[in-house]
Amino acid sequence: MTLTALERKFEMELKKVLRKFVENHKKKKGSDLSIAKAEESALFTKYYSEWKGIDNTYKNEPALYVKLPSEDEPLMLKLREESRAVFLQRRSRELLDNDELQRLWFLLDQHHTPPIVGEDQMINYEDFLKVGEEAGPKCRQFFTASVFTKLLQMDPYGRISIMQFFNYVMRKVWLHQTRIGLSLYDVAGQGYLKESDLENYILELIPTLPQLNGLEKSFYSFYVCTAVRKFFFFLDPMRTGRIKIQDILACSFLDDLLELRDEDLSTEMQQSNWFSAPSALRVYGQYLNLDKDHNGMLSKEELARYGTGTLTQVFLDRVFQECLTYEGEMDYKTYLDFVLALENRREPQSLRYLFRILDVKHVGYLNVFSLNFFFRAIQEQMKIHGQEPVSFHDVKDEIFDMVKPKDPIHITLRDLINCGKGDTVVSILIDLNDFWTYENREYLVPESSEESDI
């Protein structure tokens, strides 16, 4: 009995030892297998990289793209917004203020190099560098050899005009100030403005422009829409819905807008400035006059009265087919694009707009069919007015002679732009009055010259 109990005890201990051995063996086997797999993966990566010529040094390089925080990350968005504001404030402090500009002018005047040529004071390179040292660190970027060379003209003493240099500095400071001002409205921080961003910028700019003091606040929204449309029509022809701040600064539109700060701006200058109060009221007044049913939108019949009322029905049909409408009627924003295209027909952006309307089949070119499609409406209007219709073949030959397209039977948008007469081609296809003016140009020129002589 005692022997049996000892045997059982021994048997149980032996089982424990065997189980422990099996478990340890499994663990060792598993770890060996994972080590083998890791070594295999490392060898595969090594040989594959050598085969493909992949360099792993990029792992130590900084990331070139950092994903913008999403709307679900409010803290990251706020941090980005605050850091951008601090950055722009720092950049603003680095610019010359009015007192520093006055001091710079005083130093330039004090160190001018004789003799004076006419009314301009001049400065040579040696005195130029002296002024740069005295002007302080903020001005250092302007006192370089490249800037001096850029402004150097035909002066026999190798000097530059103090006034030209000062204007150069003023222009640079203004550009940086304006860029910072526009960047404050760049919500995404990507260097471009959306339509709503630019609307906010111009709306807050209105009180700083004396020439707009007479505008009623109820008209502000229409004025802002009128102003913003010009920026987007010319700077965003592909309709992406955003404009680069760099493009805004490079064009002349901002200069025209800020010209309204001049309290003594002449009436003639105001009339020719799209952003002036008289111009904006003229465009909006025309829209209201066309809107006979006073529903705030323009139908095809109402738009037909635009200008001299001689736009062809075919052209108007195509405008309403291609442009954004609401239940077959045109709103003010779409009307502004229409006006900008017709008032600036020489511009590439306007020709792009009009070419899209003339390209009936959306094939990217105009052929004999396209030209005939639009010119038939001109011929019909001539009959209605009791005039003898002009032969299409003669007009077609004149158009191809003017454009001189690369493909003798197809006129592309690039051909229209490059020929320099794209506005004339478009005008004689869409407007009877313009066609009549073109057809009688030989008789009208002598009359206008006689009137000028008188």
# chains A, B, ... in the order shown; residues from 1 in each chain; ligands from 1
>>> residues_around(residues="Pro389 in chain A", least_positions_apart="4", cutoff="9 Å", atoms="only C-alpha atoms", output="list in words")
Ile378, Gln379, Glu380, Gln381, Met382 and Lys383 of chain A
>>> write_last_selection(atoms="N, CA, C and O atoms", output="PDB file, in the first residue's frame")
ATOM      1  N   ILE A 378     -26.861  86.685 -87.693  1.00  0.00           N
ATOM      2  CA  ILE A 378     -26.536  88.044 -88.162  1.00  0.00           C
ATOM      3  C   ILE A 378     -27.251  88.321 -89.477  1.00  0.00           C
ATOM      4  O   ILE A 378     -27.838  89.407 -89.680  1.00  0.00           O
ATOM      5  N   GLN A 379     -27.218  87.359 -90.391  1.00  0.00           N
ATOM      6  CA  GLN A 379     -27.886  87.528 -91.690  1.00  0.00           C
ATOM      7  C   GLN A 379     -29.395  87.724 -91.519  1.00  0.00           C
ATOM      8  O   GLN A 379     -30.001  88.550 -92.198  1.00  0.00           O
ATOM      9  N   GLU A 380     -29.997  86.963 -90.578  1.00  0.00           N
ATOM     10  CA  GLU A 380     -31.440  87.098 -90.339  1.00  0.00           C
ATOM     11  C   GLU A 380     -31.783  88.477 -89.790  1.00  0.00           C
ATOM     12  O   GLU A 380     -32.792  89.088 -90.177  1.00  0.00           O
ATOM     13  N   GLN A 381     -30.944  88.995 -88.881  1.00  0.00           N
ATOM     14  CA  GLN A 381     -31.181  90.333 -88.340  1.00  0.00           C
ATOM     15  C   GLN A 381     -31.033  91.401 -89.419  1.00  0.00           C
ATOM     16  O   GLN A 381     -31.772  92.398 -89.428  1.00  0.00           O
ATOM     17  N   MET A 382     -30.108  91.194 -90.327  1.00  0.00           N
ATOM     18  CA  MET A 382     -29.939  92.152 -91.426  1.00  0.00           C
ATOM     19  C   MET A 382     -31.183  92.200 -92.298  1.00  0.00           C
ATOM     20  O   MET A 382     -31.612  93.275 -92.742  1.00  0.00           O
ATOM     21  N   LYS A 383     -31.778  91.051 -92.546  1.00  0.00           N
ATOM     22  CA  LYS A 383     -33.013  91.005 -93.347  1.00  0.00           C
ATOM     23  C   LYS A 383     -34.144  91.742 -92.631  1.00  0.00           C
ATOM     24  O   LYS A 383     -34.913  92.481 -93.248  1.00  0.00           O
TER      25      LYS A 383
END
>>> closest_residue(among="A:Val22, A:Leu209, A:Met238, A:Ala188", to="Leu265 in chain A", atoms="only C-alpha atoms")
A:Leu209
>>> select_by_dssp(residues="range 16-243 of chain A", states="alpha helix (DSSP H)", output="MDAnalysis selection string")
chainID A and resid 16:52 74:93 98:110 125:135 145:151 162:183 195:205 220:235
>>> closest_residue(among="A:Leu336, A:Leu107, A:Leu75, A:Met122", to="Arg282 in chain A", atoms="only C-alpha atoms")
A:Leu336
>>> residues_around(residues="Lys361 in chain A", least_positions_apart="5", cutoff="12 Å", atoms="only C-alpha atoms", output="VMD selection string")
chain A and resid 318 322 355 to 356 366 to 367 369 to 370 373
>>> residues_around(residues="Glu327 in chain A", least_positions_apart="2", cutoff="12 Å", atoms="only C-alpha atoms", output="number ranges by chain")
A: 297-300, 320-321, 324-325, 329-331
>>> closest_residue(among="A:Ile428, A:Glu134, A:Leu371, A:Leu215", to="Gln110 in chain A", atoms="only C-alpha atoms")
A:Glu134
>>> closest_residue(among="A:Asn372, A:Leu184, A:Tyr157, A:Glu100", to="Ser83 in chain A", atoms="only C-alpha atoms")
A:Leu184
>>> atom_distance(atom1="CA of His385 in chain A", atom2="CA of Val314 in chain A")
17.3 Å
>>> atom_distance(atom1="CA of Val147 in chain A", atom2="CA of Leu235 in chain A")
29.5 Å
>>> residues_around(residues="Ala145 in chain A", least_positions_apart="5", cutoff="10 Å", atoms="only C-alpha atoms", output="ChimeraX atom specification")
/A:125,128-129,150
>>> write_last_selection(atoms="N, CA and C atoms", output="PDB file, in the first residue's frame")
ATOM      1  N   TYR A 125      27.376 104.811 -55.460  1.00  0.00           N
ATOM      2  CA  TYR A 125      27.341 103.556 -54.704  1.00  0.00           C
ATOM      3  C   TYR A 125      27.996 103.700 -53.328  1.00  0.00           C
ATOM      4  N   PHE A 128      25.641 105.492 -51.170  1.00  0.00           N
ATOM      5  CA  PHE A 128      24.511 104.570 -51.041  1.00  0.00           C
ATOM      6  C   PHE A 128      24.754 103.589 -49.889  1.00  0.00           C
ATOM      7  N   LEU A 129      25.977 103.042 -49.816  1.00  0.00           N
ATOM      8  CA  LEU A 129      26.322 102.104 -48.742  1.00  0.00           C
ATOM      9  C   LEU A 129      26.393 102.812 -47.386  1.00  0.00           C
ATOM     10  N   LYS A 150      19.954  97.530 -60.484  1.00  0.00           N
ATOM     11  CA  LYS A 150      18.622  97.504 -61.092  1.00  0.00           C
ATOM     12  C   LYS A 150      18.127  98.922 -61.405  1.00  0.00           C
TER      13      LYS A 150
END
>>> atom_distance(atom1="CA of Asp186 in chain A", atom2="CA of Val86 in chain A")
14.2 Å
>>> residues_around(residues="Val426 in chain A", least_positions_apart="2", cutoff="12 Å", atoms="only C-alpha atoms", output="MDAnalysis selection string")
chainID A and resid 311 315 341:342 344:346 350:359 366 370:371 374:375 399 402:403 411 413 416:417 420:424 428:432 434:435 438
>>> select_by_dssp(residues="range 76-212 of chain A", states="strand (DSSP E or B)", output="number ranges by chain")
A: 117, 120, 122-123, 160-161, 192-194
>>> residues_around(residues="Glu398 in chain A", least_positions_apart="6", cutoff="10 Å", atoms="only C-alpha atoms", output="list of chain:residue names")
A:Phe392, A:Lys404, A:Val425
>>> write_last_selection(atoms="N, CA and C atoms", output="PDB file, in the first residue's frame")
ATOM      1  N   PHE A 392     -21.861  84.552 -96.379  1.00  0.00           N
ATOM      2  CA  PHE A 392     -21.106  83.893 -95.305  1.00  0.00           C
ATOM      3  C   PHE A 392     -19.704  83.518 -95.769  1.00  0.00           C
ATOM      4  N   LYS A 404      -5.448  83.345 -89.061  1.00  0.00           N
ATOM      5  CA  LYS A 404      -4.318  82.535 -89.558  1.00  0.00           C
ATOM      6  C   LYS A 404      -4.029  81.354 -88.615  1.00  0.00           C
ATOM      7  N   VAL A 425     -13.185  89.068 -84.285  1.00  0.00           N
ATOM      8  CA  VAL A 425     -13.812  87.833 -84.778  1.00  0.00           C
ATOM      9  C   VAL A 425     -15.067  87.516 -83.979  1.00  0.00           C
TER      10      VAL A 425
END
